[in-house]
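A.B. asks: Provided herewith is a single structure, encoded as structure tokens, for subsequent inquiry.
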Amino acid sequence: MKIVADSSCDMAILPGVKFSVVPLIISADEREFVDGEDLNVDEMLTFIENYKGRTGTACPSIQGFLDAFEDETELFVVTMTGSLSGTYGSACAARDQYIQEHPERKVYVVDSKSTGPGERLLIEKLSELIEEGISFDEICTRIEDYKAKNHLFFGLKSIDNLAKSGRVNKLIASAVGLLGISILGTASKEGTIEPVGKSRGDVRLVRDTFKEMKAVGYRGGKVRINNVLNVEIADALKHAIIAEYPNADVLCYPAYGLNSFYAERYGFILGCEC
Ligand code: X90
């Protein structure tokens, strides 16, 4: 069994199981940034922030996924939300082609309805289920049950790139951009962006995020937090969680390029088990 994911999972290696990551691309007219652990996020953001022309992103190609499938017989593919990206569609097309060529093989594509830490929770859970020796079909059922209980939150200082790409409506976009105001949002069940509120200053943003987590049922489960060049806020979130749930498994790490492009400088994304 092998796990394949796209680079919005902010991961490159997964000990104990076979794992490959297929990159998304961040682009400006004359420059292309291939997402992954080797991408210098600070340099990319500085370039994008100063760039006057058009910028955007592109999902992996069907071939990108096929290459990652290698010659494995049982595959799990985790993608970012199919409601905001073509990544899920690409992965499904790759699955269909692969199965057509090798009818005895199995490929299950999980639409995370999420990104970053939400995908990471699914990937870690899949790897645990694989290591336990559970059957392919049983893992498919279990991962969907697990996905349904998780939640994703994010705190952003700017949503220019999301607004420019048409992924949040302009009304929401006009509400941010004020100094010191962050937008707190969550992923809807459909895997779209749902604003929760606005917070003034990082102390309040951390408090509000933790309050929202508890409101949806967080009681000390696993938490994964990425950050866009803002370790401080990720650590503050971790401390708030640990203060109330000392045994919680909480991990903070840097966002890769795709999430950094959309969450923008100083943003964070948090995935939690509920
Ligand atoms: O080009 C592509 O296919 C990629 C498009 C990605 C668009 C959205 C990425 C959002 C990343 C923003 C906060 C988290 C939102 C999660 C909602 C499910 C980061």
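Just remember, in the structure tokens the first chain shown is A, the second B, etc., residues are 1-based per chain, and ligands are 1-based in the order shown.
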May I have the residues within 9 Å of ligand 1, computed using only C-alpha atoms and all ligand atoms, as a PDB file with C-alpha atoms, in the first residue's frame?

C.D. replies:
```
ATOM      1  CA  SER A   8      -0.798  21.344   0.084  1.00  0.00           C
ATOM      2  CA  LEU A  24       1.147  22.195  -7.162  1.00  0.00           C
ATOM      3  CA  ILE A  25       2.669  25.190  -8.926  1.00  0.00           C
ATOM      4  CA  ILE A  26       2.625  28.841  -7.866  1.00  0.00           C
ATOM      5  CA  GLY A  56      -1.890  32.196  -9.633  1.00  0.00           C
ATOM      6  CA  THR A  57      -1.596  28.501  -8.912  1.00  0.00           C
ATOM      7  CA  ALA A  58      -2.028  25.297 -10.862  1.00  0.00           C
ATOM      8  CA  CYS A  59      -3.043  21.855  -9.680  1.00  0.00           C
ATOM      9  CA  PRO A  60      -0.973  18.748 -10.477  1.00  0.00           C
ATOM     10  CA  MET A  80      -6.934  19.286  -1.051  1.00  0.00           C
ATOM     11  CA  THR A  81     -10.575  20.303  -1.281  1.00  0.00           C
ATOM     12  CA  GLY A  82     -12.134  19.568  -4.656  1.00  0.00           C
ATOM     13  CA  SER A  83     -14.451  22.545  -4.170  1.00  0.00           C
ATOM     14  CA  LEU A  84     -11.575  25.021  -4.560  1.00  0.00           C
ATOM     15  CA  SER A  85      -8.992  23.170  -6.642  1.00  0.00           C
ATOM     16  CA  GLY A  86      -8.751  20.902  -9.669  1.00  0.00           C
ATOM     17  CA  THR A  87      -6.362  18.648  -7.721  1.00  0.00           C
ATOM     18  CA  TYR A  88      -9.117  16.221  -6.733  1.00  0.00           C
ATOM     19  CA  SER A 112      -9.996  16.077   2.194  1.00  0.00           C
ATOM     20  CA  LYS A 113     -12.522  18.975   1.830  1.00  0.00           C
ATOM     21  CA  SER A 114      -9.666  20.743   3.564  1.00  0.00           C
ATOM     22  CA  THR A 115      -6.047  21.712   3.119  1.00  0.00           C
ATOM     23  CA  GLY A 116      -2.715  21.637   4.967  1.00  0.00           C
ATOM     24  CA  GLY A 118      -6.557  18.831   7.593  1.00  0.00           C
ATOM     25  CA  LEU A 152     -10.154  23.100  10.030  1.00  0.00           C
ATOM     26  CA  PHE A 153      -9.643  26.715  11.151  1.00  0.00           C
ATOM     27  CA  PHE A 154      -7.447  29.455   9.766  1.00  0.00           C
ATOM     28  CA  GLY A 155      -6.375  32.963  10.710  1.00  0.00           C
ATOM     29  CA  LEU A 156      -5.359  35.263   7.856  1.00  0.00           C
ATOM     30  CA  ILE A 159      -7.069  37.456   1.710  1.00  0.00           C
ATOM     31  CA  LEU A 162      -7.955  34.267  -2.320  1.00  0.00           C
ATOM     32  CA  SER A 165      -8.581  34.085  -7.595  1.00  0.00           C
ATOM     33  CA  ARG A 167     -12.233  31.786  -4.034  1.00  0.00           C
ATOM     34  CA  GLY A 185     -12.403  31.161   9.115  1.00  0.00           C
ATOM     35  CA  THR A 186     -13.266  27.516   8.891  1.00  0.00           C
ATOM     36  CA  ALA A 187     -13.720  24.907   6.165  1.00  0.00           C
ATOM     37  CA  SER A 188     -17.389  24.161   5.499  1.00  0.00           C
ATOM     38  CA  LYS A 189     -18.561  20.540   5.206  1.00  0.00           C
ATOM     39  CA  GLU A 190     -18.431  21.067   1.418  1.00  0.00           C
ATOM     40  CA  GLY A 191     -14.785  22.147   1.594  1.00  0.00           C
ATOM     41  CA  THR A 192     -15.305  25.831   0.930  1.00  0.00           C
ATOM     42  CA  ILE A 193     -14.202  28.882   2.896  1.00  0.00           C
ATOM     43  CA  GLU A 194     -16.549  29.994   5.637  1.00  0.00           C
ATOM     44  CA  LEU A 258       0.597  26.593  -1.918  1.00  0.00           C
ATOM     45  CA  ASN A 259      -0.874  27.282   1.510  1.00  0.00           C
ATOM     46  CA  SER A 260       1.550  30.199   1.969  1.00  0.00           C
ATOM     47  CA  PHE A 261       0.393  31.786  -1.293  1.00  0.00           C
ATOM     48  CA  TYR A 262      -3.273  31.738  -0.217  1.00  0.00           C
ATOM     49  CA  ALA A 263      -2.983  32.042   3.586  1.00  0.00           C
ATOM     50  CA  GLU A 264      -0.363  34.777   2.996  1.00  0.00           C
ATOM     51  CA  GLY A 267      -1.294  33.338   8.450  1.00  0.00           C
ATOM     52  CA  PHE A 268      -1.879  29.940  10.033  1.00  0.00           C
ATOM     53  CA  ILE A 269      -4.086  26.930   9.354  1.00  0.00           C
ATOM     54  CA  LEU A 270      -5.098  24.495  12.097  1.00  0.00           C
TER      55      LEU A 270
END
```

A.B. asks: If we count only C-alpha atoms and set the cut-off at 9 Å, which residues sit around Ala91 of chain A, ignoring sequence neighbours fewer than 5 positions away in its own chain? Please answer as a PyMOL selection string.

C.D. replies: chain A and resi 60-62+64-66+77-79+86+96+109

A.B. asks: Keeping N, CA and C atoms, export the residues of the selection given above as a PDB file, in the first residue's frame.

C.D. replies:
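See out-v7.pdb below for the written result:
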```pdb
ATOM      1  N   PRO A  60      -1.798  19.751  -9.798  1.00  0.00           N
ATOM      2  CA  PRO A  60      -0.973  18.748 -10.477  1.00  0.00           C
ATOM      3  C   PRO A  60      -1.702  18.173 -11.693  1.00  0.00           C
ATOM      4  N   SER A  61      -0.939  17.738 -12.668  1.00  0.00           N
ATOM      5  CA  SER A  61      -1.522  17.095 -13.854  1.00  0.00           C
ATOM      6  C   SER A  61      -1.899  15.651 -13.530  1.00  0.00           C
ATOM      7  N   ILE A  62      -2.683  15.070 -14.411  1.00  0.00           N
ATOM      8  CA  ILE A  62      -3.036  13.649 -14.275  1.00  0.00           C
ATOM      9  C   ILE A  62      -1.755  12.816 -14.279  1.00  0.00           C
ATOM     10  N   GLY A  64       1.165  13.700 -13.382  1.00  0.00           N
ATOM     11  CA  GLY A  64       1.873  13.888 -12.110  1.00  0.00           C
ATOM     12  C   GLY A  64       1.448  12.835 -11.094  1.00  0.00           C
ATOM     13  N   PHE A  65       0.147  12.601 -11.017  1.00  0.00           N
ATOM     14  CA  PHE A  65      -0.343  11.569 -10.099  1.00  0.00           C
ATOM     15  C   PHE A  65       0.054  10.171 -10.581  1.00  0.00           C
ATOM     16  N   LEU A  66      -0.100   9.929 -11.887  1.00  0.00           N
ATOM     17  CA  LEU A  66       0.244   8.591 -12.417  1.00  0.00           C
ATOM     18  C   LEU A  66       1.698   8.244 -12.112  1.00  0.00           C
ATOM     19  N   VAL A  77      -4.995   8.141  -2.161  1.00  0.00           N
ATOM     20  CA  VAL A  77      -4.587   9.472  -2.602  1.00  0.00           C
ATOM     21  C   VAL A  77      -5.363  10.498  -1.779  1.00  0.00           C
ATOM     22  N   VAL A  78      -4.652  11.427  -1.161  1.00  0.00           N
ATOM     23  CA  VAL A  78      -5.301  12.481  -0.379  1.00  0.00           C
ATOM     24  C   VAL A  78      -5.090  13.807  -1.101  1.00  0.00           C
ATOM     25  N   THR A  79      -6.185  14.508  -1.410  1.00  0.00           N
ATOM     26  CA  THR A  79      -6.055  15.797  -2.106  1.00  0.00           C
ATOM     27  C   THR A  79      -6.668  16.919  -1.283  1.00  0.00           C
ATOM     28  N   GLY A  86      -8.620  22.006  -8.718  1.00  0.00           N
ATOM     29  CA  GLY A  86      -8.751  20.902  -9.669  1.00  0.00           C
ATOM     30  C   GLY A  86      -7.955  19.673  -9.271  1.00  0.00           C
ATOM     31  N   ASP A  96      -8.816   6.649 -12.634  1.00  0.00           N
ATOM     32  CA  ASP A  96      -9.593   5.969 -13.678  1.00  0.00           C
ATOM     33  C   ASP A  96      -8.676   5.377 -14.747  1.00  0.00           C
ATOM     34  N   VAL A 109      -9.370   7.659  -3.765  1.00  0.00           N
ATOM     35  CA  VAL A 109      -9.038   9.083  -3.673  1.00  0.00           C
ATOM     36  C   VAL A 109      -9.888   9.716  -2.582  1.00  0.00           C
TER      37      VAL A 109
END
```

A.B. asks: Between A:Pro254, A:Lys222, A:Ser90, A:Leu184, which has the minimum distance to Arg207 of chain A (counting only C-alpha atoms)?

C.D. replies: A:Leu184

A.B. asks: Find the residue from A:His151, A:Lys198, A:Lys238, A:His102 that sits nearest to Leu122 of chain A; use only C-alpha atoms when measuring.

C.D. replies: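 Distance minimum relative to Leu122 of chain A lands on A:His151.
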
A.B. asks: Within segment 19-120 of chain A, find each residue whose DSSP state, derived from the backbone, is strand (DSSP E), and express the selection as a PyMOL selection string.

C.D. replies: chain A and resi 19-22+25-28+31-34+55-58+74-79+106-111

A.B. asks: I need the residue nearest Gly221 of chain A from this list: A:Leu121, A:Leu179, A:Ala236, A:Cys140. Use only C-alpha atoms for the distance.

C.D. replies: A:Leu121

A.B. asks: Rank A:Tyr108, A:Tyr245, A:Phe76, A:Tyr253 by their smallest atom-to-atom distance to Lys18 of chain A, using only C-alpha atoms, and report the top residue only.

C.D. replies: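 Of the candidates, the smallest distance to Lys18 of chain A is held by A:Phe76.
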
A.B. asks: Distance atom CA of Asn230 of chain A-atom CA of Val22 of chain A, one decimal place?

C.D. replies: 25.2 Å

A.B. asks: Restricting the calculation to only C-alpha atoms, which member of A:Thr209, A:Asn150, A:Ser199, A:Asn227 is positioned closest to Glu119 of chain A?

C.D. replies: A:Asn150

A.B. asks: Using only C-alpha atoms, which residues sit within 9 Å of Glu72 of chain A once same-chain residues fewer than 2 positions away are excluded, as a ChimeraX atom specification?

C.D. replies: /A:1-2,69-70,74-75,105-106

A.B. asks: How would you write, as a ChimeraX atom specification, the set of residues in segment 20-253 of chain A that DSSP gives as alpha helix (DSSP H)?

C.D. replies: /A:41-50,62-69,87-101,117-131,136-149,160-164,170-175,202-215,231-244

A.B. asks: In Å, rounded to a single decimal, give me how far atom CA of Val21 of chain A is from atom CA of Tyr256 of chain A.

C.D. replies: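 Here the two named atoms are 12.0 Å from each other.
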
A.B. asks: Go through A:Gly257, A:Gly201, A:Pro117, A:Pro246 one by one, measure the shortest atom-to-atom distance of each to Leu229 of chain A using only C-alpha atoms, and give the residue with the smallest value.

C.D. replies: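 Among A:Gly257, A:Gly201, A:Pro117, A:Pro246, it is A:Gly257 that comes nearest to Leu229 of chain A.
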
A.B. asks: Find the residues around Ala240 of chain A up to 12 Å (only C-alpha atoms counted), leave out those fewer than 6 positions away in its own chain, and share them as a compact mmCIF listing (two decimals) with all heavy atoms, in the first residue's frame.

C.D. replies:
```txt
# COMPACT_ATOMS: atom_id res chain seq x y z
N VAL A 203 -3.38 38.09 20.19
CA VAL A 203 -3.83 37.51 21.46
C VAL A 203 -5.29 37.13 21.34
O VAL A 203 -5.70 36.01 21.70
CB VAL A 203 -3.59 38.50 22.63
CG1 VAL A 203 -4.22 37.98 23.92
CG2 VAL A 203 -2.09 38.73 22.82
N ARG A 204 -6.09 38.04 20.78
CA ARG A 204 -7.52 37.74 20.60
C ARG A 204 -7.73 36.66 19.55
O ARG A 204 -8.61 35.81 19.68
CB ARG A 204 -8.29 39.00 20.20
CG ARG A 204 -8.48 39.96 21.36
CD ARG A 204 -9.63 40.92 21.07
NE ARG A 204 -9.72 41.98 22.05
CZ ARG A 204 -9.04 43.12 21.99
NH1 ARG A 204 -8.21 43.35 21.00
NH2 ARG A 204 -9.15 44.04 22.93
N LEU A 205 -6.92 36.69 18.49
CA LEU A 205 -7.07 35.68 17.43
C LEU A 205 -6.86 34.28 17.99
O LEU A 205 -7.62 33.35 17.67
CB LEU A 205 -6.08 35.97 16.29
CG LEU A 205 -6.09 34.99 15.12
CD1 LEU A 205 -7.46 34.91 14.45
CD2 LEU A 205 -5.03 35.38 14.08
N VAL A 206 -5.85 34.12 18.84
CA VAL A 206 -5.57 32.82 19.46
C VAL A 206 -6.74 32.41 20.35
O VAL A 206 -7.23 31.27 20.28
CB VAL A 206 -4.25 32.87 20.26
CG1 VAL A 206 -4.09 31.64 21.15
CG2 VAL A 206 -3.06 33.01 19.31
N ARG A 207 -7.21 33.35 21.17
CA ARG A 207 -8.33 33.06 22.09
C ARG A 207 -9.59 32.68 21.29
O ARG A 207 -10.27 31.72 21.60
CB ARG A 207 -8.59 34.31 22.93
CG ARG A 207 -9.24 34.02 24.27
CD ARG A 207 -9.27 35.28 25.11
NE ARG A 207 -9.97 36.36 24.42
CZ ARG A 207 -9.83 37.66 24.72
NH1 ARG A 207 -9.00 38.04 25.66
NH2 ARG A 207 -10.52 38.57 24.06
N ASP A 208 -9.87 33.45 20.25
CA ASP A 208 -11.07 33.19 19.44
C ASP A 208 -10.99 31.85 18.72
O ASP A 208 -11.99 31.13 18.61
CB ASP A 208 -11.28 34.32 18.42
CG ASP A 208 -11.60 35.65 19.09
OD1 ASP A 208 -11.94 35.65 20.30
OD2 ASP A 208 -11.50 36.70 18.42
N THR A 209 -9.80 31.51 18.22
CA THR A 209 -9.64 30.22 17.53
C THR A 209 -9.91 29.06 18.48
O THR A 209 -10.65 28.12 18.14
CB THR A 209 -8.21 30.09 16.94
OG1 THR A 209 -7.95 31.22 16.10
CG2 THR A 209 -8.06 28.81 16.13
N PHE A 210 -9.32 29.15 19.66
CA PHE A 210 -9.49 28.07 20.65
C PHE A 210 -10.95 27.95 21.06
O PHE A 210 -11.49 26.85 21.22
CB PHE A 210 -8.57 28.31 21.85
CG PHE A 210 -8.48 27.15 22.79
CD1 PHE A 210 -8.39 25.84 22.33
CD2 PHE A 210 -8.47 27.35 24.17
CE1 PHE A 210 -8.30 24.76 23.20
CE2 PHE A 210 -8.38 26.28 25.05
CZ PHE A 210 -8.30 24.99 24.57
N LYS A 211 -11.62 29.10 21.22
CA LYS A 211 -13.05 29.11 21.57
C LYS A 211 -13.87 28.41 20.48
O LYS A 211 -14.74 27.59 20.78
CB LYS A 211 -13.51 30.57 21.73
CG LYS A 211 -14.64 30.76 22.71
CD LYS A 211 -14.87 32.23 23.01
CE LYS A 211 -16.00 32.76 22.13
NZ LYS A 211 -16.12 34.22 22.17
N MET A 213 -12.78 26.19 18.33
CA MET A 213 -12.47 24.75 18.34
C MET A 213 -13.35 24.03 19.37
O MET A 213 -13.93 22.98 19.08
CB MET A 213 -11.00 24.53 18.72
CG MET A 213 -10.00 24.90 17.64
SD MET A 213 -8.31 24.97 18.31
CE MET A 213 -8.01 23.24 18.70
N LYS A 214 -13.44 24.60 20.55
CA LYS A 214 -14.23 23.96 21.60
C LYS A 214 -15.72 23.96 21.25
O LYS A 214 -16.44 23.01 21.55
CB LYS A 214 -13.95 24.62 22.95
CG LYS A 214 -12.55 24.26 23.45
CD LYS A 214 -12.29 24.72 24.86
CE LYS A 214 -12.07 26.21 24.91
NZ LYS A 214 -11.64 26.68 26.25
N GLY A 220 -9.39 17.83 23.30
CA GLY A 220 -8.06 17.31 23.60
C GLY A 220 -7.49 16.35 22.56
O GLY A 220 -6.48 15.69 22.81
N VAL A 223 -3.90 17.84 17.16
CA VAL A 223 -3.97 19.12 16.45
C VAL A 223 -2.72 19.29 15.60
O VAL A 223 -1.60 19.01 16.06
CB VAL A 223 -4.08 20.32 17.42
CG1 VAL A 223 -4.27 21.63 16.65
CG2 VAL A 223 -5.21 20.14 18.42
N ILE A 233 2.65 32.67 16.45
CA ILE A 233 1.20 32.45 16.63
C ILE A 233 0.90 30.95 16.74
O ILE A 233 0.04 30.55 17.53
CB ILE A 233 0.36 33.13 15.54
CG1 ILE A 233 -1.08 33.27 16.05
CG2 ILE A 233 0.38 32.38 14.21
CD1 ILE A 233 -1.86 34.39 15.46
N ALA A 234 1.63 30.13 16.00
CA ALA A 234 1.41 28.69 16.10
C ALA A 234 1.76 28.20 17.50
O ALA A 234 1.02 27.41 18.10
CB ALA A 234 2.25 27.96 15.05
N PRO A 246 -3.40 19.05 28.69
CA PRO A 246 -1.95 18.81 28.76
C PRO A 246 -1.47 17.61 27.95
O PRO A 246 -0.30 17.56 27.58
CB PRO A 246 -1.70 18.59 30.26
CG PRO A 246 -2.90 19.12 30.95
CD PRO A 246 -4.05 19.03 30.01
N ALA A 248 -2.67 16.66 24.97
CA ALA A 248 -2.99 16.76 23.54
C ALA A 248 -1.72 16.66 22.69
O ALA A 248 -0.68 17.20 23.05
CB ALA A 248 -3.71 18.08 23.27
N VAL A 250 -0.02 18.01 19.85
CA VAL A 250 -0.08 19.23 19.04
C VAL A 250 1.25 19.45 18.35
O VAL A 250 2.30 19.43 19.01
CB VAL A 250 -0.40 20.47 19.90
CG1 VAL A 250 -0.59 21.71 19.02
CG2 VAL A 250 -1.63 20.25 20.77
```

A.B. asks: Which distance in Å separates atom CA of Asp235 of chain A and atom CA of Glu37 of chain A, to one decimal?

C.D. replies: 20.9 Å

A.B. asks: Need to verify the contact set: Tyr51 of chain A, 12 Å, only C-alpha atoms, exclusion of same-chain residues closer than 6 positions in sequence. Can you return it as a PyMOL selection string?

C.D. replies: chain A and resi 27-31+44-45

A.B. asks: With N, CA and C atoms retained, write the just-selected residues as a PDB file, in the first residue's frame.

C.D. replies:
```pdb
ATOM      1  N   SER A  27       2.581  30.497  -9.659  1.00  0.00           N
ATOM      2  CA  SER A  27       3.225  31.146 -10.789  1.00  0.00           C
ATOM      3  C   SER A  27       2.913  32.633 -10.911  1.00  0.00           C
ATOM      4  N   ALA A  28       3.897  33.343 -11.451  1.00  0.00           N
ATOM      5  CA  ALA A  28       3.739  34.713 -11.915  1.00  0.00           C
ATOM      6  C   ALA A  28       4.046  34.613 -13.410  1.00  0.00           C
ATOM      7  N   ASP A  29       3.810  35.696 -14.182  1.00  0.00           N
ATOM      8  CA  ASP A  29       3.993  35.560 -15.625  1.00  0.00           C
ATOM      9  C   ASP A  29       5.346  34.956 -15.996  1.00  0.00           C
ATOM     10  N   GLU A  30       6.425  35.501 -15.418  1.00  0.00           N
ATOM     11  CA  GLU A  30       7.741  35.039 -15.866  1.00  0.00           C
ATOM     12  C   GLU A  30       8.449  34.120 -14.873  1.00  0.00           C
ATOM     13  N   ARG A  31       7.742  33.713 -13.808  1.00  0.00           N
ATOM     14  CA  ARG A  31       8.400  32.841 -12.835  1.00  0.00           C
ATOM     15  C   ARG A  31       7.462  31.769 -12.330  1.00  0.00           C
ATOM     16  N   MET A  44       9.672  33.407  -2.070  1.00  0.00           N
ATOM     17  CA  MET A  44       8.523  33.359  -2.974  1.00  0.00           C
ATOM     18  C   MET A  44       7.504  34.440  -2.619  1.00  0.00           C
ATOM     19  N   LEU A  45       7.197  34.573  -1.327  1.00  0.00           N
ATOM     20  CA  LEU A  45       6.198  35.562  -0.922  1.00  0.00           C
ATOM     21  C   LEU A  45       6.686  36.978  -1.189  1.00  0.00           C
TER      22      LEU A  45
END
```
